[in-house]
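> My file is protein-v2.cif. It has mmCIF, C-alpha atoms:
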data_protein
loop_
_atom_site.group_PDB
_atom_site.id
_atom_site.type_symbol
_atom_site.label_atom_id
_atom_site.label_comp_id
_atom_site.auth_asym_id
_atom_site.auth_seq_id
_atom_site.Cartn_x
_atom_site.Cartn_y
_atom_site.Cartn_z
ATOM 1 C CA MET A 446 214.317 292.595 -36.478
ATOM 2 C CA ALA A 447 216.977 290.000 -37.241
ATOM 3 C CA GLN A 448 215.475 286.754 -38.475
ATOM 4 C CA ASP A 449 216.190 283.866 -36.145
ATOM 5 C CA ARG A 450 215.952 280.361 -37.536
ATOM 6 C CA LEU A 451 215.111 278.650 -34.232
ATOM 7 C CA ILE A 452 214.561 279.812 -30.652
ATOM 8 C CA HIS A 453 215.025 277.814 -27.478
ATOM 9 C CA GLY A 454 212.105 278.016 -25.052
ATOM 10 C CA CYS A 455 213.331 277.889 -21.453
ATOM 11 C CA MET A 456 210.105 276.868 -19.704
ATOM 12 C CA GLY A 457 211.647 273.504 -18.765
ATOM 13 C CA LEU A 458 214.506 274.997 -16.745
ATOM 14 C CA GLY A 459 214.600 275.572 -13.005
ATOM 15 C CA GLY A 460 213.275 272.370 -11.493
ATOM 16 C CA SER A 461 209.711 271.941 -10.261
ATOM 17 C CA TRP A 462 206.622 274.099 -10.893
ATOM 18 C CA ASP A 463 206.421 275.373 -7.324
ATOM 19 C CA ARG A 464 208.211 277.783 -5.029
ATOM 20 C CA GLU A 465 210.699 275.238 -3.717
ATOM 21 C CA PRO A 466 214.254 276.507 -4.254
ATOM 22 C CA TYR A 467 216.205 275.196 -7.212
ATOM 23 C CA GLY A 468 219.478 273.381 -6.594
ATOM 24 C CA ALA A 469 222.930 272.983 -8.076
ATOM 25 C CA ALA A 470 221.696 270.149 -10.332
ATOM 26 C CA ASP A 471 219.124 272.507 -11.866
ATOM 27 C CA VAL A 472 221.848 275.034 -12.665
ATOM 28 C CA GLU A 473 224.005 272.309 -14.236
ATOM 29 C CA HIS A 474 221.028 271.189 -16.301
ATOM 30 C CA ALA A 475 220.400 274.750 -17.483
ATOM 31 C CA HIS A 476 224.052 275.077 -18.465
ATOM 32 C CA ALA A 477 223.874 271.823 -20.455
ATOM 33 C CA VAL A 478 220.717 273.026 -22.221
ATOM 34 C CA VAL A 479 222.316 276.342 -23.172
ATOM 35 C CA GLU A 480 225.395 274.563 -24.528
ATOM 36 C CA ALA A 481 223.235 272.148 -26.532
ATOM 37 C CA ALA A 482 221.274 275.052 -28.013
ATOM 38 C CA LEU A 483 224.451 276.872 -28.998
ATOM 39 C CA ASP A 484 225.792 273.648 -30.548
ATOM 40 C CA ALA A 485 222.589 273.498 -32.606
ATOM 41 C CA GLY A 486 223.081 277.059 -33.842
ATOM 42 C CA ILE A 487 220.404 278.558 -31.561
ATOM 43 C CA THR A 488 221.299 281.896 -29.955
ATOM 44 C CA THR A 489 217.896 283.270 -28.897
ATOM 45 C CA PHE A 490 216.442 282.117 -25.566
ATOM 46 C CA ASP A 491 212.785 282.623 -24.706
ATOM 47 C CA HIS A 492 211.668 283.084 -21.086
ATOM 48 C CA ALA A 493 208.640 284.253 -19.123
ATOM 49 C CA ASP A 494 208.549 285.599 -15.592
ATOM 50 C CA ILE A 495 206.113 282.833 -14.576
ATOM 51 C CA TYR A 496 208.138 279.855 -15.826
ATOM 52 C CA ARG A 497 208.741 277.634 -12.793
ATOM 53 C CA HIS A 498 207.644 280.592 -10.640
ATOM 54 C CA GLY A 499 210.654 282.607 -11.825
ATOM 55 C CA LYS A 500 213.174 279.811 -11.354
ATOM 56 C CA ALA A 501 213.710 279.335 -15.113
ATOM 57 C CA GLU A 502 215.001 282.908 -15.368
ATOM 58 C CA ALA A 503 216.995 282.522 -12.153
ATOM 59 C CA VAL A 504 218.939 279.419 -13.218
ATOM 60 C CA PHE A 505 219.571 281.013 -16.611
ATOM 61 C CA GLY A 506 220.942 284.025 -14.745
ATOM 62 C CA GLU A 507 223.279 281.690 -12.873
ATOM 63 C CA VAL A 508 224.558 280.379 -16.205
ATOM 64 C CA LEU A 509 225.199 283.940 -17.398
ATOM 65 C CA ALA A 510 226.993 284.757 -14.145
ATOM 66 C CA ARG A 511 229.292 281.759 -14.651
ATOM 67 C CA ALA A 512 230.119 282.793 -18.225
ATOM 68 C CA PRO A 513 229.699 286.586 -18.563
ATOM 69 C CA GLU A 514 231.015 286.535 -22.131
ATOM 70 C CA LEU A 515 227.958 284.518 -23.134
ATOM 71 C CA ARG A 516 225.607 287.502 -22.862
ATOM 72 C CA GLY A 517 227.165 289.179 -25.881
ATOM 73 C CA ARG A 518 226.599 286.079 -28.022
ATOM 74 C CA ILE A 519 222.918 285.534 -27.311
ATOM 75 C CA THR A 520 219.533 287.224 -27.429
ATOM 76 C CA VAL A 521 217.333 287.057 -24.329
ATOM 77 C CA GLN A 522 213.569 287.347 -24.640
ATOM 78 C CA THR A 523 211.074 287.252 -21.792
ATOM 79 C CA LYS A 524 207.348 287.703 -21.238
ATOM 80 C CA CYS A 525 205.106 289.239 -18.589
ATOM 81 C CA GLY A 526 201.391 289.714 -17.970
ATOM 82 C CA ILE A 527 200.260 286.458 -16.334
ATOM 83 C CA ARG A 528 199.763 286.207 -12.568
ATOM 84 C CA LEU A 529 199.859 282.626 -11.339
ATOM 85 C CA ALA A 530 197.337 281.427 -8.784
ATOM 86 C CA GLU A 531 198.419 282.064 -5.199
ATOM 87 C CA GLY A 532 196.576 280.458 -2.297
ATOM 88 C CA ASP A 533 192.873 281.222 -2.676
ATOM 89 C CA ARG A 534 193.521 283.836 -5.391
ATOM 90 C CA PRO A 535 192.990 282.436 -8.909
ATOM 91 C CA GLY A 536 195.371 283.089 -11.774
ATOM 92 C CA THR A 537 194.707 286.326 -13.645
ATOM 93 C CA TYR A 538 196.222 288.583 -16.309
ATOM 94 C CA ASP A 539 197.804 291.950 -15.537
ATOM 95 C CA LEU A 540 199.054 294.347 -18.201
ATOM 96 C CA ARG A 541 198.862 297.515 -16.148
ATOM 97 C CA GLY A 542 201.824 299.737 -16.970
ATOM 98 C CA SER A 543 203.159 299.707 -13.408
ATOM 99 C CA SER A 544 202.941 295.902 -13.326
ATOM 100 C CA ILE A 545 204.841 295.581 -16.606
ATOM 101 C CA VAL A 546 207.644 297.799 -15.286
ATOM 102 C CA ARG A 547 207.845 295.889 -12.008
ATOM 103 C CA CYS A 548 207.902 292.513 -13.760
ATOM 104 C CA VAL A 549 210.697 293.609 -16.086
ATOM 105 C CA GLU A 550 212.787 294.855 -13.177
ATOM 106 C CA GLU A 551 212.299 291.539 -11.378
ATOM 107 C CA SER A 552 213.174 289.554 -14.522
ATOM 108 C CA LEU A 553 216.372 291.560 -14.993
ATOM 109 C CA THR A 554 217.383 290.742 -11.433
ATOM 110 C CA ARG A 555 216.756 287.028 -11.897
ATOM 111 C CA LEU A 556 218.448 286.957 -15.311
ATOM 112 C CA ARG A 557 221.448 288.929 -13.981
ATOM 113 C CA THR A 558 221.515 291.193 -16.997
ATOM 114 C CA ASP A 559 221.068 294.927 -17.506
ATOM 115 C CA HIS A 560 218.562 294.553 -20.351
ATOM 116 C CA VAL A 561 216.369 292.081 -22.209
ATOM 117 C CA ASP A 562 216.460 292.158 -25.964
ATOM 118 C CA THR A 563 212.727 291.556 -26.440
ATOM 119 C CA LEU A 564 209.772 291.781 -24.053
ATOM 120 C CA LEU A 565 206.500 290.077 -24.995
ATOM 121 C CA LEU A 566 203.112 290.776 -23.418
ATOM 122 C CA HIS A 567 202.187 287.198 -22.565
ATOM 123 C CA ARG A 568 198.380 287.118 -22.925
ATOM 124 C CA PRO A 569 195.598 289.667 -23.516
ATOM 125 C CA ASP A 570 194.327 291.478 -20.425
ATOM 126 C CA PRO A 571 190.703 292.624 -20.976
ATOM 127 C CA LEU A 572 191.269 295.505 -18.512
ATOM 128 C CA ALA A 573 194.421 296.740 -20.246
ATOM 129 C CA ASP A 574 194.679 300.381 -21.299
ATOM 130 C CA PRO A 575 196.804 300.617 -24.478
ATOM 131 C CA GLU A 576 197.858 304.187 -23.621
ATOM 132 C CA ASP A 577 199.062 303.063 -20.186
ATOM 133 C CA ILE A 578 200.933 300.145 -21.748
ATOM 134 C CA ALA A 579 202.523 302.423 -24.362
ATOM 135 C CA GLU A 580 203.787 304.758 -21.638
ATOM 136 C CA ALA A 581 205.358 301.846 -19.736
ATOM 137 C CA LEU A 582 207.009 300.326 -22.805
ATOM 138 C CA THR A 583 208.331 303.687 -23.953
ATOM 139 C CA SER A 584 209.841 304.265 -20.508
ATOM 140 C CA LEU A 585 211.482 300.830 -20.425
ATOM 141 C CA HIS A 586 212.939 301.410 -23.882
ATOM 142 C CA GLY A 587 214.137 304.901 -23.011
ATOM 143 C CA GLN A 588 215.986 303.565 -19.952
ATOM 144 C CA GLY A 589 217.689 300.909 -22.089
ATOM 145 C CA LEU A 590 216.060 298.085 -20.120
ATOM 146 C CA VAL A 591 214.262 296.593 -23.148
ATOM 147 C CA LYS A 592 215.371 296.898 -26.763
ATOM 148 C CA GLN A 593 212.178 295.832 -28.542
ATOM 149 C CA PHE A 594 208.656 294.604 -27.854
ATOM 150 C CA GLY A 595 206.061 292.136 -29.018
ATOM 151 C CA VAL A 596 203.109 290.062 -27.876
ATOM 152 C CA SER A 597 202.112 286.463 -27.384
ATOM 153 C CA ASN A 598 198.794 284.720 -28.019
ATOM 154 C CA MET A 599 197.138 287.782 -29.573
ATOM 155 C CA SER A 600 195.016 288.463 -32.644
ATOM 156 C CA ALA A 601 195.546 291.022 -35.388
ATOM 157 C CA HIS A 602 192.947 293.304 -33.820
ATOM 158 C CA GLN A 603 194.628 293.154 -30.419
ATOM 159 C CA LEU A 604 198.010 293.860 -31.975
ATOM 160 C CA ALA A 605 196.612 296.847 -33.841
ATOM 161 C CA ARG A 606 194.940 298.235 -30.719
ATOM 162 C CA LEU A 607 198.164 298.039 -28.713
ATOM 163 C CA GLN A 608 200.198 299.497 -31.565
ATOM 164 C CA GLY A 609 197.901 302.517 -31.967
ATOM 165 C CA PRO A 610 199.303 304.765 -29.200
ATOM 166 C CA LEU A 611 202.789 303.203 -29.288
ATOM 167 C CA ASP A 612 205.530 304.805 -31.399
ATOM 168 C CA LEU A 613 207.807 301.769 -31.011
ATOM 169 C CA PRO A 614 206.934 298.845 -33.319
ATOM 170 C CA LEU A 615 205.602 295.570 -31.961
ATOM 171 C CA VAL A 616 207.875 293.116 -33.741
ATOM 172 C CA VAL A 617 206.840 289.644 -32.502
ATOM 173 C CA ASN A 618 203.663 287.614 -32.069
ATOM 174 C CA GLN A 619 204.231 284.226 -30.432
ATOM 175 C CA LEU A 620 201.433 281.715 -31.099
ATOM 176 C CA GLU A 621 200.981 277.974 -30.719
ATOM 177 C CA MET A 622 201.721 276.592 -34.195
ATOM 178 C CA SER A 623 202.826 273.128 -35.246
ATOM 179 C CA LEU A 624 202.048 270.228 -37.549
ATOM 180 C CA HIS A 625 199.529 269.209 -34.871
ATOM 181 C CA ARG A 626 198.161 272.667 -33.955
ATOM 182 C CA ARG A 627 197.144 273.709 -37.457
ATOM 183 C CA ASP A 628 194.190 276.091 -37.042
ATOM 184 C CA TRP A 629 196.435 278.967 -38.172
ATOM 185 C CA LEU A 630 196.837 277.104 -41.475
ATOM 186 C CA GLU A 631 193.399 275.532 -41.750
ATOM 187 C CA SER A 632 191.812 278.969 -41.420
ATOM 188 C CA GLU A 633 193.436 279.926 -44.739
ATOM 189 C CA VAL A 634 191.755 277.127 -46.699
ATOM 190 C CA LEU A 635 188.494 276.360 -44.894
ATOM 191 C CA VAL A 636 186.866 279.684 -45.757
ATOM 192 C CA ASN A 637 183.346 279.067 -47.059
ATOM 193 C CA THR A 638 183.262 275.491 -45.736
ATOM 194 C CA PRO A 639 181.389 274.034 -42.725
ATOM 195 C CA GLY A 640 184.749 273.321 -41.080
ATOM 196 C CA ALA A 641 185.470 277.039 -40.726
ATOM 197 C CA ALA A 642 183.033 277.304 -37.808
ATOM 198 C CA GLN A 643 185.160 274.884 -35.766
ATOM 199 C CA LEU A 644 188.329 276.979 -35.942
ATOM 200 C CA GLY A 645 189.339 279.243 -33.096
ATOM 201 C CA PHE A 646 192.237 280.975 -34.824
ATOM 202 C CA PRO A 647 191.536 284.706 -35.327
ATOM 203 C CA GLU A 648 191.002 285.495 -38.988
ATOM 204 C CA GLY A 649 193.583 287.749 -40.612
ATOM 205 C CA THR A 650 196.239 287.401 -37.910
ATOM 206 C CA LEU A 651 198.859 285.741 -40.119
ATOM 207 C CA ASP A 652 198.284 288.261 -42.920
ATOM 208 C CA HIS A 653 198.501 291.165 -40.453
ATOM 209 C CA CYS A 654 201.818 289.923 -39.078
ATOM 210 C CA ARG A 655 203.247 289.343 -42.535
ATOM 211 C CA SER A 656 202.204 292.767 -43.849
ATOM 212 C CA HIS A 657 203.427 294.622 -40.738
ATOM 213 C CA SER A 658 206.798 292.828 -40.396
ATOM 214 C CA VAL A 659 205.772 291.121 -37.152
ATOM 215 C CA GLN A 660 207.841 287.977 -36.641
ATOM 216 C CA LEU A 661 205.696 284.891 -36.066
ATOM 217 C CA GLN A 662 207.174 282.681 -33.361
ATOM 218 C CA ALA A 663 205.679 279.202 -32.969
ATOM 219 C CA TRP A 664 205.523 277.818 -29.451
ATOM 220 C CA GLY A 665 204.810 274.092 -29.130
ATOM 221 C CA ALA A 666 206.604 273.636 -32.462
ATOM 222 C CA LEU A 667 207.643 270.022 -31.816
ATOM 223 C CA ALA A 668 204.064 269.080 -30.827
ATOM 224 C CA GLN A 669 205.295 267.466 -27.583
ATOM 225 C CA GLY A 670 206.959 264.625 -29.504
ATOM 226 C CA ARG A 671 203.698 263.542 -31.130
ATOM 227 C CA TYR A 672 205.446 262.812 -34.433
ATOM 228 C CA SER A 673 208.626 261.293 -33.087
ATOM 229 C CA ASP A 674 208.180 259.158 -29.974
ATOM 230 C CA ARG A 675 204.710 259.887 -28.539
ATOM 231 C CA PRO A 676 201.962 259.440 -31.160
ATOM 232 C CA GLU A 677 198.440 259.468 -29.704
ATOM 233 C CA THR A 678 196.077 258.787 -32.615
ATOM 234 C CA ALA A 679 196.009 256.839 -35.847
ATOM 235 C CA ALA A 680 196.763 260.047 -37.750
ATOM 236 C CA ASP A 681 199.677 260.720 -35.413
ATOM 237 C CA ARG A 682 201.092 257.251 -36.030
ATOM 238 C CA ALA A 683 200.786 257.600 -39.805
ATOM 239 C CA THR A 684 202.405 261.023 -39.646
ATOM 240 C CA ALA A 685 205.218 259.804 -37.392
ATOM 241 C CA LEU A 686 205.946 257.049 -39.916
ATOM 242 C CA LEU A 687 206.010 259.546 -42.786
ATOM 243 C CA VAL A 688 208.214 261.922 -40.773
ATOM 244 C CA ARG A 689 210.657 259.086 -40.060
ATOM 245 C CA GLU A 690 210.733 258.050 -43.747
ATOM 246 C CA LEU A 691 211.445 261.623 -44.829
ATOM 247 C CA ALA A 692 214.146 261.985 -42.190
ATOM 248 C CA GLU A 693 215.884 258.812 -43.367
ATOM 249 C CA ARG A 694 215.594 259.872 -47.000
ATOM 250 C CA LYS A 695 217.122 263.279 -46.289
ATOM 251 C CA GLY A 696 219.727 262.138 -43.756
ATOM 252 C CA THR A 697 218.360 264.093 -40.836
ATOM 253 C CA THR A 698 216.133 263.698 -37.758
ATOM 254 C CA SER A 699 212.381 263.501 -37.201
ATOM 255 C CA GLU A 700 212.576 266.720 -35.181
ATOM 256 C CA THR A 701 214.114 268.506 -38.141
ATOM 257 C CA ILE A 702 211.370 267.368 -40.527
ATOM 258 C CA VAL A 703 208.653 268.662 -38.185
ATOM 259 C CA LEU A 704 210.429 272.008 -37.839
ATOM 260 C CA TRP A 705 211.152 272.264 -41.563
ATOM 261 C CA TRP A 706 207.428 271.866 -42.182
ATOM 262 C CA LEU A 707 206.771 275.035 -40.175
ATOM 263 C CA ARG A 708 209.703 276.945 -41.658
ATOM 264 C CA ARG A 709 208.700 276.031 -45.228
ATOM 265 C CA HIS A 710 205.580 278.228 -44.904
ATOM 266 C CA PRO A 711 206.146 281.662 -46.535
ATOM 267 C CA ALA A 712 205.097 283.550 -43.369
ATOM 268 C CA GLY A 713 208.657 283.175 -42.040
ATOM 269 C CA ILE A 714 207.607 281.215 -38.944
ATOM 270 C CA VAL A 715 210.326 280.825 -36.299
ATOM 271 C CA PRO A 716 209.865 277.651 -34.222
ATOM 272 C CA VAL A 717 210.406 277.814 -30.463
ATOM 273 C CA ILE A 718 211.975 274.562 -29.236
ATOM 274 C CA GLY A 719 210.595 273.869 -25.779
ATOM 275 C CA THR A 720 212.401 270.642 -24.946
ATOM 276 C CA ALA A 721 214.823 270.636 -22.015
ATOM 277 C CA ASN A 722 216.532 267.465 -23.252
ATOM 278 C CA PRO A 723 220.010 268.394 -24.587
ATOM 279 C CA ALA A 724 220.064 265.413 -26.980
ATOM 280 C CA ARG A 725 216.730 266.398 -28.484
ATOM 281 C CA ILE A 726 217.875 270.009 -28.834
ATOM 282 C CA ARG A 727 220.923 268.839 -30.775
ATOM 283 C CA ALA A 728 218.624 266.717 -32.944
ATOM 284 C CA CYS A 729 217.146 270.008 -34.200
ATOM 285 C CA ARG A 730 220.473 271.283 -35.554
ATOM 286 C CA ASP A 731 219.655 270.716 -39.231
ATOM 287 C CA ALA A 732 216.432 272.695 -38.827
ATOM 288 C CA THR A 733 218.448 275.922 -38.800
ATOM 289 C CA GLY A 734 219.286 275.306 -42.464
ATOM 290 C CA GLU A 735 217.024 275.855 -45.433
ATOM 291 C CA PRO A 736 214.002 273.516 -45.292
ATOM 292 C CA ARG A 737 214.564 270.643 -47.715
ATOM 293 C CA LEU A 738 210.923 269.750 -48.212
ATOM 294 C CA SER A 739 209.347 269.799 -51.648
ATOM 295 C CA HIS A 740 205.908 271.234 -52.337
ATOM 296 C CA ASP A 741 204.447 267.718 -52.495
ATOM 297 C CA GLU A 742 206.229 266.543 -49.331
ATOM 298 C CA TRP A 743 204.935 269.542 -47.390
ATOM 299 C CA TYR A 744 201.369 268.845 -48.501
ATOM 300 C CA GLU A 745 201.723 265.127 -47.774
ATOM 301 C CA LEU A 746 202.720 265.885 -44.193
ATOM 302 C CA TRP A 747 199.794 268.278 -43.750
ATOM 303 C CA ILE A 748 197.181 265.937 -45.201
ATOM 304 C CA THR A 749 198.494 262.934 -43.269
ATOM 305 C CA ALA A 750 198.478 264.887 -40.010
ATOM 306 C CA ARG A 751 194.915 266.150 -40.515
ATOM 307 C CA GLY A 752 193.746 262.594 -41.267
ATOM 308 C CA THR A 753 191.256 263.711 -43.919
ATOM 309 C CA PRO A 754 191.574 265.095 -47.459
ATOM 310 C CA LEU A 755 191.575 268.813 -48.123
ATOM 311 C CA PRO A 756 188.185 270.277 -49.116
#
Could you take the file, read its structure, and then write that structure out as structure tokens?

Amino acid sequence: MAQDRLIHGCMGLGGSWDREPYGAADVEHAHAVVEAALDAGITTFDHADIYRHGKAEAVFGEVLARAPELRGRITVQTKCGIRLAEGDRPGTYDLRGSSIVRCVEESLTRLRTDHVDTLLLHRPDPLADPEDIAEALTSLHGQGLVKQFGVSNMSAHQLARLQGPLDLPLVVNQLEMSLHRRDWLESEVLVNTPGAAQLGFPEGTLDHCRSHSVQLQAWGALAQGRYSDRPETAADRATALLVRELAERKGTTSETIVLWWLRRHPAGIVPVIGTANPARIRACRDATGEPRLSHDEWYELWITARGTPLP
């Protein structure tokens, strides 16, 4: 698949996290966010059917309806497989083939488009039947409703199990990865140390994705502003200071430094920018360029963020 540099995550669009209708101000906000992303060189937009109970997709669809020419300039990605809690029914996961097809059809209606470029299976469903999923994905692809497929929040073993009966390649795995959420990185160096037992990241997942040409997308890439304006710990404050010093030295923004740190890793990580603040999106513009972090600067950021020396 084409290698994006950055992706905009649209979870913040559509107003409140409830079933109250969105309003004209929410559509205007979505339009401003899309324009800010395009100004920053971002052309891929990441959705999920559950974001704001479907309202994130719906306001984005309104933006596309206002500017039909926009659809040809952008890539639209969405996810399915999570059922939000409803009344007394708790939230669950649902990757039955019929559910996947229904969710895609509903997303297409909300997005006001005839296809999505990439569909991700949002979280693992322990009751999922890979053969049933493969049949659904193959049908969606054959109808031209989805161009390509991937997963989110899954391990190498889960990817391999889903890929087994599926002739179409799974081309994306979206995982939480950032300078703060580092278990994906720590797992590479804490082998044979006591610290390895504390890591929850599934062993071999990064290597599997790299060797099978599965694009790694990093959600939570900006760490919720932890290293720019919302530090929470002493390590956060030290890291935020270092990030600011590097940004000043290189004539860029703190957001860019944090994103460059991810992009500097050889796994080809593509950060997903989840902010719905147009100014902060534009502050990420330089992050679409080649990461200007040296080997030593990259390590200094990592060690400062972890708050302890490497083993």
> Specify as a VMD selection string each residue included when the PyMOL selection byres ((chain A and resi 736) around 10) is applied to this file.
chain A and resid 701 to 702 704 to 710 731 to 735 737 to 739
> Counting all atoms listed in the file, which residue out of A:Ile718, A:Ala601, A:Leu630, A:Phe594 sits closest to Tyr744 of chain A?
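The answer is A:Leu630, which sits nearest to Tyr744 of chain A.
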> Given all atoms listed in the file as the basis, pick out the residue of A:Asp494, A:Glu507, A:Glu550, A:Glu580 nearest to Asp612 of chain A.
A:Glu580
> Using all atoms listed in the file, which residues of segment 579-618 of chain A come within 10 Å of segment 514-525 of chain A, and what is the closest atom pair for each, with the distance in Å to one decimal? Give it as a tab-separated table, sorted by chain and residue number.

residue	atom	partner	partner_atom	distance
A:Val591	CA	A:Gln522	CA	9.4
A:Lys592	CA	A:Gln522	CA	9.9
A:Gln593	CA	A:Gln522	CA	9.4
A:Phe594	CA	A:Gln522	CA	9.3
A:Gly595	CA	A:Lys524	CA	9.0
A:Val596	CA	A:Lys524	CA	8.2
A:Ser597	CA	A:Lys524	CA	8.2
> Quick one: everything within 8 Å of Arg528 of chain A, counting all atoms listed in the file, minus sequence neighbours fewer than 5 positions away in the same chain. Send it as a ChimeraX atom specification.
/A:495,536-539
> Give me the result of the PyMOL selection byres ((chain A and resi 688) around 8) on this file, residue by residue, as number ranges by chain.
A: 672-673, 684-687, 689-692, 699, 702-703, 746
> Could you name the residues that touch Gly486 of chain A at 12 Å or less, counting only C-alpha atoms, but leaving out those on the same chain fewer than 4 positions away, as a PyMOL selection string?
chain A and resi 449-453+479-482+490+518-519+726-734
> Taking the file as shown, what set of residues would the PyMOL selection byres ((chain A and resi 610) around 9) give back, as number ranges by chain?
A: 575-576, 578-580, 606-609, 611-612
> Find the residues near Gly542 of chain A: any atom within 12 Å, counting all atoms listed in the file, skip ones fewer than 5 places away on the same chain, and give them as number ranges by chain.
A: 525-526, 547-549, 566, 570, 572-585
> Find the residue from A:Arg557, A:Leu565, A:Gly670, A:Ser600 that sits nearest to Asn722 of chain A; use all atoms listed in the file when measuring.
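Among A:Arg557, A:Leu565, A:Gly670, A:Ser600, it is A:Gly670 that comes nearest to Asn722 of chain A.
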> Determine the nearest neighbour of Leu529 of chain A from the options A:Ala493, A:Val715, A:Ala680, A:Leu590, counting all atoms listed in the file.
A:Ala493
> Hey, can you check how far atom CA of Ser552 of chain A sits from atom CA of Trp664 of chain A?
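Taking atom CA of Ser552 of chain A as the start and atom CA of Trp664 of chain A as the end point, the length is 20.5 Å.
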> Please, which residues are within 10 Å of (189.6, 280.2, -33.8) by the file's coordinates, counting all atoms listed in the file, and could they come as a list of chain:residue names?
A:Ser600, A:Asp628, A:Trp629, A:Glu631, A:Ser632, A:Ala641, A:Ala642, A:Gln643, A:Leu644, A:Gly645, A:Phe646, A:Pro647, A:Glu648
> Between A:Pro756, A:Pro513, A:Pro723, A:Gly696, single out the one closest to Asp484 of chain A, counting only C-alpha atoms.
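Among A:Pro756, A:Pro513, A:Pro723, A:Gly696, it is A:Pro723 that comes nearest to Asp484 of chain A.
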> Within 8 Å of His625 of chain A, counting only C-alpha atoms, which residues qualify if same-chain residues fewer than 3 places away don't, as a ChimeraX atom specification?
/A:622,668,671,750-751
> Would you please work out which residue, of A:Ser461, A:Thr489, A:Gln588, A:Gln662, is nearest to Pro716 of chain A when using all atoms listed in the file?
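Using all atoms listed in the file, the shortest distance to Pro716 of chain A belongs to A:Gln662.
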> To one decimal place in Å, what is the distance between atom CA of Arg511 of chain A and atom CA of His476 of chain A?
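That distance, rounded to one decimal, is 9.3 Å.
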> Since the input lacks some atoms of segment 726-730 of chain A, please model all heavy atoms and print them as a PDB file, in the frame of the given file.

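Done, and the output landed in part25.pdb:
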ATOM      1  N   ILE A 726     217.534 268.693 -28.293  1.00  0.00           N
ATOM      2  CA  ILE A 726     217.875 270.009 -28.834  1.00  0.00           C
ATOM      3  C   ILE A 726     218.884 269.865 -29.961  1.00  0.00           C
ATOM      4  O   ILE A 726     218.735 270.457 -31.040  1.00  0.00           O
ATOM      5  CB  ILE A 726     218.433 270.921 -27.721  1.00  0.00           C
ATOM      6  CG1 ILE A 726     217.349 271.205 -26.669  1.00  0.00           C
ATOM      7  CG2 ILE A 726     218.946 272.240 -28.313  1.00  0.00           C
ATOM      8  CD1 ILE A 726     217.876 271.863 -25.411  1.00  0.00           C
ATOM      9  N   ARG A 727     219.909 269.038 -29.735  1.00  0.00           N
ATOM     10  CA  ARG A 727     220.923 268.839 -30.775  1.00  0.00           C
ATOM     11  C   ARG A 727     220.338 268.153 -32.006  1.00  0.00           C
ATOM     12  O   ARG A 727     220.816 268.357 -33.123  1.00  0.00           O
ATOM     13  CB  ARG A 727     222.094 268.034 -30.208  1.00  0.00           C
ATOM     14  CG  ARG A 727     222.949 268.809 -29.205  1.00  0.00           C
ATOM     15  CD  ARG A 727     224.208 268.052 -28.797  1.00  0.00           C
ATOM     16  NE  ARG A 727     225.087 268.896 -28.002  1.00  0.00           N
ATOM     17  CZ  ARG A 727     225.061 268.957 -26.671  1.00  0.00           C
ATOM     18  NH1 ARG A 727     224.198 268.203 -25.983  1.00  0.00           N
ATOM     19  NH2 ARG A 727     225.892 269.750 -26.021  1.00  0.00           N
ATOM     20  N   ALA A 728     219.278 267.367 -31.812  1.00  0.00           N
ATOM     21  CA  ALA A 728     218.624 266.717 -32.944  1.00  0.00           C
ATOM     22  C   ALA A 728     217.939 267.720 -33.864  1.00  0.00           C
ATOM     23  O   ALA A 728     217.557 267.381 -34.986  1.00  0.00           O
ATOM     24  CB  ALA A 728     217.610 265.693 -32.439  1.00  0.00           C
ATOM     25  N   CYS A 729     217.780 268.951 -33.396  1.00  0.00           N
ATOM     26  CA  CYS A 729     217.146 270.008 -34.200  1.00  0.00           C
ATOM     27  C   CYS A 729     218.154 270.815 -35.014  1.00  0.00           C
ATOM     28  O   CYS A 729     217.761 271.763 -35.704  1.00  0.00           O
ATOM     29  CB  CYS A 729     216.372 270.960 -33.279  1.00  0.00           C
ATOM     30  SG  CYS A 729     215.058 270.185 -32.328  1.00  0.00           S
ATOM     31  N   ARG A 730     219.427 270.456 -34.935  1.00  0.00           N
ATOM     32  CA  ARG A 730     220.473 271.283 -35.554  1.00  0.00           C
ATOM     33  C   ARG A 730     220.225 271.552 -37.030  1.00  0.00           C
ATOM     34  O   ARG A 730     220.354 272.681 -37.503  1.00  0.00           O
ATOM     35  CB  ARG A 730     221.834 270.600 -35.359  1.00  0.00           C
ATOM     36  CG  ARG A 730     223.003 271.352 -35.996  1.00  0.00           C
ATOM     37  CD  ARG A 730     224.301 270.599 -35.769  1.00  0.00           C
ATOM     38  NE  ARG A 730     224.599 270.504 -34.343  1.00  0.00           N
ATOM     39  CZ  ARG A 730     225.123 269.427 -33.765  1.00  0.00           C
ATOM     40  NH1 ARG A 730     225.371 268.358 -34.485  1.00  0.00           N
ATOM     41  NH2 ARG A 730     225.387 269.428 -32.479  1.00  0.00           N
TER      42      ARG A 730
END
